[in-house]
Amino acid sequence: MKGPEPRYSAWALLRARLAGAGYWRPLWSGRRLQEAYDVVVVGAGGHGLATAYHLARDHGIRRVAVLEKRLVGYGSVGRNTTIVRSNYLLPENHYFYEDSLRRWERLSHDLNYNVMYSPRGIVDLALSDGEMVGLARRGNAMRLAGIDAELLDRRGVLRFAPELATSSPRRFDIVGGLLQRRGGTVRHDAVAWGYARAAAALGVDIIEDCEVTGVRTEGSVATGVETKRGYVKADRIVFAVAGHTGAIGEMLGVHLPIETHLLQAMITEPVKPLIGSVLVYVYPHGECYVMQSDRGGVLMGGFMDGFPSYTQEGQWFRLEDVVQSAVALLPQIGSLRILRQWAGVQDMTMDGSFIIDRIGYDNVFLNGGWCYGGFKTIPASGAACATLVATGTAPDLIRAHGLTRFATGHLLDESGGGPFPVRL
Amino acid sequence: MTRLTCPFCGPRDLEEFLFHKTLAEPGASAYAQVYERANRPEDSLEHWQHVHGCRAWLLIRRNPSTGQVLKLELLGGGGA
């Protein structure tokens, strides 16, 4: 059979059943690398694929290639903890993240691919009155922007998350929490596959095993990229290479306000449903979040390891710290065994907010610096970045997220930590 | 990379040390020294502090792709 992959529907399932083997085909593979493109996107992760998808869908640019060093979804889009939320303090951030959350809500429909958006709710916990004040400040900022946020007292937290009730008294009891009900999780691999399939259906060439090794330039413009498979001409180039953005900057001769750090996560053996939402506690020297995957494993994550690394190997002390905090929150998970632990590399910017802007040359764009919040922004990032690339003008949602903000002093320092990615 | 060798205290667990920052290029402007970082995946020059030990400031040259420490010395010279 030839032609594009059919849309998924009950009708398609029926036809596939009648047609027998061979009805379904590979979703995005088999494209050949062309000599020239309107836009070359480097990196087939969430942001790269979403950018390519929106370039083709919203702006009618069909000669788009996504070049990937390894495989679709092999990087951070497949290594994160799948949480989506928009509970940010600063307006420049929470409007953008809210745009993303609204897109998540309808993404399965838009992509014709089930990304398993699960609005199970996300609760930031406070174990002291001071922390409660901080949560109220953030919650009020969100509500002023029309984003759902509920400030809960102790009883409200225990009603929403009864698993937090303990039989023996806590040393530091729960004082309250900030709940975003529409926050939750999305199946991360499905996001990569869904965007890849939808982009390929619009004519985007997704080329795997095609590492970009350099950029050819003439004056202030780039003319194309050098790849493992030869030179590719490009009118515009987008780098969406989470974790390796700093190195791309060096390739373009730009020192970026970015360091690459590691973030770990770990998951236990599967158990029956125990944790119904995403529970987060940020404490003075770190943080811990706990949720349960659809397969039943208790998933935990925390703060970065604390120093630059590209190794994808987490440090033991951080794992220990996260697990101790998780067990303090939920003593009943103390007897579970950890099955897997992994770490992802991420671009940490000097104010904790992302960068979508031109970099180095007039027609080279950067979509990066996602810190530890890249996954949840994929739909909004793709749409906004595609608009910037197609029209040359940054849409309002990302106007504040340019590279020049560090020089002009308009930082988006969500945590108030100063020009350091780590503040322990 | 699980330990660093402090010039005063000898080999100590990594947990005792606090990474401060990756250094910008030598001779960089004040802006660059605050905000920019030289992102060399195989050769990174960094400030660390033995914060849960003798509190000495350290200048460390490291390979972030392998974790190998290439050079470690007391910041600002001097010696143990």
# chains A, B, ... in the order shown; residues from 1 in each chain; ligands from 1

call {"tool": "residues_around", "arguments": {"residues": "Val389 in chain A", "least_positions_apart": "6", "cutoff": "9 Å", "atoms": "only C-alpha atoms", "output": "PyMOL selection string"}}
result
chain A and resi 39+55+236-238+358+363-365

call {"tool": "interface_residues", "arguments": {"of": "chain A", "to": "chain B", "cutoff": "6 Å", "atoms": "only C-alpha atoms", "output": "mmCIF file with C-alpha atoms, in the first residue's frame"}}
result
data_model
loop_
_atom_site.group_PDB
_atom_site.id
_atom_site.type_symbol
_atom_site.label_atom_id
_atom_site.label_comp_id
_atom_site.auth_asym_id
_atom_site.auth_seq_id
_atom_site.Cartn_x
_atom_site.Cartn_y
_atom_site.Cartn_z
ATOM 1 C CA GLY A 246 25.799 25.368 25.318
ATOM 2 C CA ALA A 247 27.943 23.307 22.971
ATOM 3 C CA HIS A 255 29.068 32.016 24.859
ATOM 4 C CA LEU A 256 25.564 31.416 26.135
ATOM 5 C CA PRO A 257 24.229 32.143 29.621
ATOM 6 C CA PHE A 307 27.422 20.695 38.786
ATOM 7 C CA SER A 309 27.785 17.138 33.477
ATOM 8 C CA TYR A 310 26.928 15.436 30.200
ATOM 9 C CA THR A 311 27.235 11.911 31.586
#

call {"tool": "select_by_dssp", "arguments": {"residues": "chain B", "states": "alpha helix (DSSP H)", "output": "list of chain:residue names"}}
result
B:Ala30, B:Tyr31, B:Ala32, B:Gln33, B:Val34, B:Tyr35

call {"tool": "select_by_dssp", "arguments": {"residues": "range 20-73 of chain B", "states": "strand (DSSP E)", "output": "list of chain:residue names"}}
result
B:His20, B:Lys21, B:Thr22, B:Ser44, B:Leu45, B:Glu46, B:His47, B:Trp48, B:Gln49, B:Trp57, B:Leu58, B:Leu59, B:Ile60, B:Arg61, B:Arg62, B:Asn63, B:Gln68, B:Val69, B:Leu70, B:Lys71, B:Leu72, B:Glu73

call {"tool": "write_last_selection", "arguments": {"atoms": "N, CA and C atoms", "output": "compact mmCIF listing (two decimals), in the first residue's frame"}}
result
# COMPACT_ATOMS: atom_id res chain seq x y z
N HIS B 20 30.27 26.20 42.27
CA HIS B 20 29.85 27.60 42.25
C HIS B 20 29.52 28.05 40.82
N LYS B 21 30.49 28.02 39.91
CA LYS B 21 30.18 28.40 38.53
C LYS B 21 31.26 27.94 37.57
N THR B 22 30.86 27.84 36.30
CA THR B 22 31.81 27.65 35.22
C THR B 22 32.34 29.02 34.84
N SER B 44 36.26 21.97 31.19
CA SER B 44 35.51 23.02 31.87
C SER B 44 36.32 23.53 33.06
N LEU B 45 36.41 24.84 33.17
CA LEU B 45 37.16 25.45 34.27
C LEU B 45 36.14 26.02 35.26
N GLU B 46 36.22 25.59 36.50
CA GLU B 46 35.13 25.88 37.44
C GLU B 46 35.63 26.32 38.82
N HIS B 47 34.80 27.10 39.49
CA HIS B 47 35.01 27.40 40.91
C HIS B 47 34.16 26.45 41.75
N TRP B 48 34.79 25.86 42.74
CA TRP B 48 34.08 25.02 43.71
C TRP B 48 34.48 25.49 45.10
N GLN B 49 33.71 25.08 46.10
CA GLN B 49 34.10 25.33 47.48
C GLN B 49 33.90 24.06 48.30
N TRP B 57 38.25 27.57 48.82
CA TRP B 57 37.79 27.75 47.45
C TRP B 57 38.76 27.06 46.50
N LEU B 58 38.20 26.37 45.51
CA LEU B 58 39.03 25.56 44.62
C LEU B 58 38.80 25.96 43.17
N LEU B 59 39.89 25.83 42.40
CA LEU B 59 39.81 26.03 40.95
C LEU B 59 40.00 24.64 40.34
N ILE B 60 38.98 24.17 39.64
CA ILE B 60 39.01 22.80 39.14
C ILE B 60 38.84 22.80 37.63
N ARG B 61 39.73 22.07 36.96
CA ARG B 61 39.58 21.85 35.51
C ARG B 61 39.09 20.41 35.36
N ARG B 62 37.95 20.25 34.65
CA ARG B 62 37.24 19.00 34.68
C ARG B 62 36.71 18.66 33.30
N ASN B 63 36.52 17.38 33.02
CA ASN B 63 35.85 16.96 31.79
C ASN B 63 34.41 16.57 32.14
N GLN B 68 36.00 13.25 34.71
CA GLN B 68 37.41 13.20 35.11
C GLN B 68 37.91 14.57 35.55
N VAL B 69 38.62 14.62 36.68
CA VAL B 69 39.22 15.86 37.15
C VAL B 69 40.60 15.99 36.51
N LEU B 70 40.81 17.06 35.74
CA LEU B 70 42.07 17.23 35.04
C LEU B 70 43.09 17.97 35.91
N LYS B 71 42.58 18.90 36.72
CA LYS B 71 43.48 19.68 37.57
C LYS B 71 42.67 20.26 38.71
N LEU B 72 43.27 20.24 39.91
CA LEU B 72 42.55 20.81 41.06
C LEU B 72 43.55 21.59 41.89
N GLU B 73 43.28 22.86 42.11
CA GLU B 73 44.19 23.64 42.94
C GLU B 73 43.43 24.65 43.77

call {"tool": "atom_distance", "arguments": {"atom1": "CA of Met300 in chain A", "atom2": "CA of Ala265 in chain A"}}
result
5.7 Å

call {"tool": "residues_around", "arguments": {"residues": "Thr404 in chain A", "least_positions_apart": "3", "cutoff": "12 Å", "atoms": "only C-alpha atoms", "output": "ChimeraX atom specification"}}
result
/A:256-257,355-360,399-401,407-412 /B:31,35-36

call {"tool": "residues_around", "arguments": {"residues": "Arg63 in chain A", "least_positions_apart": "3", "cutoff": "9 Å", "atoms": "only C-alpha atoms", "output": "MDAnalysis selection string"}}
result
chainID A and resid 36:40 56 203:205

call {"tool": "residues_around", "arguments": {"residues": "range 163-179 of chain A", "least_positions_apart": "2", "cutoff": "8 Å", "atoms": "only C-alpha atoms", "output": "VMD selection string"}}
result
chain A and resid 121 to 129 132 135 to 136 139 149 to 158 161 181 274 to 275 329 to 331

call {"tool": "residues_around", "arguments": {"residues": "Phe303 in chain A", "least_positions_apart": "5", "cutoff": "10 Å", "atoms": "only C-alpha atoms", "output": "ChimeraX atom specification"}}
result
/A:262-265,282,285-289,318-319,321-322,372,422,424

call {"tool": "write_last_selection", "arguments": {"atoms": "C-alpha atoms", "output": "compact mmCIF listing (two decimals), in the first residue's frame"}}
result
# COMPACT_ATOMS: atom_id res chain seq x y z
CA LEU A 262 21.92 16.67 35.44
CA LEU A 263 18.48 15.93 36.80
CA GLN A 264 17.67 12.50 38.18
CA ALA A 265 14.51 10.50 38.49
CA VAL A 282 10.30 22.24 47.75
CA HIS A 285 18.15 22.74 50.17
CA GLY A 286 16.35 20.78 47.48
CA GLU A 287 13.03 19.42 46.40
CA CYS A 288 11.10 16.22 45.95
CA TYR A 289 8.14 15.23 43.85
CA ARG A 318 20.98 13.18 45.24
CA LEU A 319 19.14 9.90 44.84
CA ASP A 321 18.19 12.89 49.31
CA VAL A 322 15.15 12.50 47.03
CA TYR A 372 14.10 21.43 34.27
CA VAL A 422 22.18 26.14 41.25
CA LEU A 424 21.71 25.30 47.33

call {"tool": "residues_around", "arguments": {"residues": "Thr268 in chain A", "least_positions_apart": "4", "cutoff": "6 Å", "atoms": "only C-alpha atoms", "output": "list in words"}}
result
Gly297, Val298, Arg337, Ile338 and Leu339 of chain A

call {"tool": "decode", "arguments": {"residues": "range 17-47 of chain A", "atoms": "N, CA and C atoms", "output": "PDB file, in the first residue's frame"}}
result
ATOM      1  N   ARG A  17      -8.558  -4.200  10.341  1.00  0.00           N
ATOM      2  CA  ARG A  17      -8.909  -5.578  10.686  1.00  0.00           C
ATOM      3  C   ARG A  17      -9.244  -6.351   9.414  1.00  0.00           C
ATOM      4  N   LEU A  18      -9.998  -5.708   8.512  1.00  0.00           N
ATOM      5  CA  LEU A  18     -10.408  -6.386   7.280  1.00  0.00           C
ATOM      6  C   LEU A  18      -9.244  -6.523   6.299  1.00  0.00           C
ATOM      7  N   ALA A  19      -8.358  -5.497   6.301  1.00  0.00           N
ATOM      8  CA  ALA A  19      -7.264  -5.512   5.332  1.00  0.00           C
ATOM      9  C   ALA A  19      -6.156  -6.484   5.735  1.00  0.00           C
ATOM     10  N   GLY A  20      -6.096  -6.807   7.035  1.00  0.00           N
ATOM     11  CA  GLY A  20      -5.071  -7.739   7.492  1.00  0.00           C
ATOM     12  C   GLY A  20      -3.723  -7.074   7.645  1.00  0.00           C
ATOM     13  N   ALA A  21      -2.693  -7.902   7.783  1.00  0.00           N
ATOM     14  CA  ALA A  21      -1.347  -7.390   8.030  1.00  0.00           C
ATOM     15  C   ALA A  21      -0.911  -6.471   6.892  1.00  0.00           C
ATOM     16  N   GLY A  22      -0.138  -5.453   7.210  1.00  0.00           N
ATOM     17  CA  GLY A  22       0.364  -4.555   6.170  1.00  0.00           C
ATOM     18  C   GLY A  22      -0.424  -3.276   6.051  1.00  0.00           C
ATOM     19  N   TYR A  23      -1.541  -3.159   6.791  1.00  0.00           N
ATOM     20  CA  TYR A  23      -2.354  -1.945   6.703  1.00  0.00           C
ATOM     21  C   TYR A  23      -1.636  -0.769   7.366  1.00  0.00           C
ATOM     22  N   TRP A  24      -1.070  -1.014   8.571  1.00  0.00           N
ATOM     23  CA  TRP A  24      -0.337   0.047   9.272  1.00  0.00           C
ATOM     24  C   TRP A  24       1.097   0.082   8.762  1.00  0.00           C
ATOM     25  N   ARG A  25       1.641   1.265   8.682  1.00  0.00           N
ATOM     26  CA  ARG A  25       3.009   1.403   8.169  1.00  0.00           C
ATOM     27  C   ARG A  25       3.848   2.205   9.157  1.00  0.00           C
ATOM     28  N   PRO A  26       5.176   2.182   8.990  1.00  0.00           N
ATOM     29  CA  PRO A  26       6.014   3.013   9.858  1.00  0.00           C
ATOM     30  C   PRO A  26       5.541   4.466   9.790  1.00  0.00           C
ATOM     31  N   LEU A  27       5.611   5.174  10.932  1.00  0.00           N
ATOM     32  CA  LEU A  27       4.960   6.475  11.015  1.00  0.00           C
ATOM     33  C   LEU A  27       5.760   7.603  10.378  1.00  0.00           C
ATOM     34  N   TRP A  28       7.080   7.561  10.491  1.00  0.00           N
ATOM     35  CA  TRP A  28       7.827   8.713   9.973  1.00  0.00           C
ATOM     36  C   TRP A  28       9.120   8.325   9.248  1.00  0.00           C
ATOM     37  N   SER A  29       9.478   7.052   9.235  1.00  0.00           N
ATOM     38  CA  SER A  29      10.787   6.690   8.683  1.00  0.00           C
ATOM     39  C   SER A  29      10.737   6.590   7.159  1.00  0.00           C
ATOM     40  N   GLY A  30      11.886   6.405   6.559  1.00  0.00           N
ATOM     41  CA  GLY A  30      11.938   6.151   5.126  1.00  0.00           C
ATOM     42  C   GLY A  30      12.069   7.388   4.260  1.00  0.00           C
ATOM     43  N   ARG A  31      12.181   8.593   4.875  1.00  0.00           N
ATOM     44  CA  ARG A  31      12.382   9.791   4.061  1.00  0.00           C
ATOM     45  C   ARG A  31      13.854   9.931   3.704  1.00  0.00           C
ATOM     46  N   ARG A  32      14.115  10.442   2.521  1.00  0.00           N
ATOM     47  CA  ARG A  32      15.506  10.651   2.112  1.00  0.00           C
ATOM     48  C   ARG A  32      15.880  12.104   2.318  1.00  0.00           C
ATOM     49  N   LEU A  33      17.102  12.339   2.757  1.00  0.00           N
ATOM     50  CA  LEU A  33      17.579  13.703   2.998  1.00  0.00           C
ATOM     51  C   LEU A  33      17.732  14.432   1.667  1.00  0.00           C
ATOM     52  N   GLN A  34      17.078  15.592   1.535  1.00  0.00           N
ATOM     53  CA  GLN A  34      17.180  16.389   0.311  1.00  0.00           C
ATOM     54  C   GLN A  34      18.394  17.319   0.388  1.00  0.00           C
ATOM     55  N   GLU A  35      18.671  17.983  -0.723  1.00  0.00           N
ATOM     56  CA  GLU A  35      19.840  18.860  -0.756  1.00  0.00           C
ATOM     57  C   GLU A  35      19.590  20.204  -0.090  1.00  0.00           C
ATOM     58  N   ALA A  36      18.341  20.658  -0.134  1.00  0.00           N
ATOM     59  CA  ALA A  36      18.039  21.994   0.384  1.00  0.00           C
ATOM     60  C   ALA A  36      16.652  22.021   1.019  1.00  0.00           C
ATOM     61  N   TYR A  37      16.536  22.844   2.051  1.00  0.00           N
ATOM     62  CA  TYR A  37      15.261  22.999   2.743  1.00  0.00           C
ATOM     63  C   TYR A  37      14.999  24.466   3.054  1.00  0.00           C
ATOM     64  N   ASP A  38      13.717  24.791   3.258  1.00  0.00           N
ATOM     65  CA  ASP A  38      13.374  26.124   3.762  1.00  0.00           C
ATOM     66  C   ASP A  38      13.834  26.263   5.211  1.00  0.00           C
ATOM     67  N   VAL A  39      13.534  25.229   5.995  1.00  0.00           N
ATOM     68  CA  VAL A  39      13.948  25.248   7.395  1.00  0.00           C
ATOM     69  C   VAL A  39      14.550  23.893   7.764  1.00  0.00           C
ATOM     70  N   VAL A  40      15.714  23.925   8.382  1.00  0.00           N
ATOM     71  CA  VAL A  40      16.291  22.716   8.971  1.00  0.00           C
ATOM     72  C   VAL A  40      16.199  22.860  10.484  1.00  0.00           C
ATOM     73  N   VAL A  41      15.520  21.900  11.118  1.00  0.00           N
ATOM     74  CA  VAL A  41      15.440  21.866  12.580  1.00  0.00           C
ATOM     75  C   VAL A  41      16.430  20.813  13.058  1.00  0.00           C
ATOM     76  N   VAL A  42      17.291  21.189  13.981  1.00  0.00           N
ATOM     77  CA  VAL A  42      18.279  20.251  14.505  1.00  0.00           C
ATOM     78  C   VAL A  42      17.773  19.720  15.839  1.00  0.00           C
ATOM     79  N   GLY A  43      17.533  18.418  15.903  1.00  0.00           N
ATOM     80  CA  GLY A  43      17.053  17.789  17.124  1.00  0.00           C
ATOM     81  C   GLY A  43      15.617  17.333  17.006  1.00  0.00           C
ATOM     82  N   ALA A  44      15.420  15.994  16.995  1.00  0.00           N
ATOM     83  CA  ALA A  44      14.060  15.440  16.909  1.00  0.00           C
ATOM     84  C   ALA A  44      13.588  15.040  18.294  1.00  0.00           C
ATOM     85  N   GLY A  45      13.586  16.015  19.188  1.00  0.00           N
ATOM     86  CA  GLY A  45      12.942  15.833  20.488  1.00  0.00           C
ATOM     87  C   GLY A  45      11.606  16.530  20.443  1.00  0.00           C
ATOM     88  N   GLY A  46      11.038  16.753  21.590  1.00  0.00           N
ATOM     89  CA  GLY A  46       9.723  17.382  21.643  1.00  0.00           C
ATOM     90  C   GLY A  46       9.700  18.743  20.983  1.00  0.00           C
ATOM     91  N   HIS A  47      10.656  19.615  21.358  1.00  0.00           N
ATOM     92  CA  HIS A  47      10.622  20.981  20.854  1.00  0.00           C
ATOM     93  C   HIS A  47      10.912  21.056  19.357  1.00  0.00           C
TER      94      HIS A  47
END
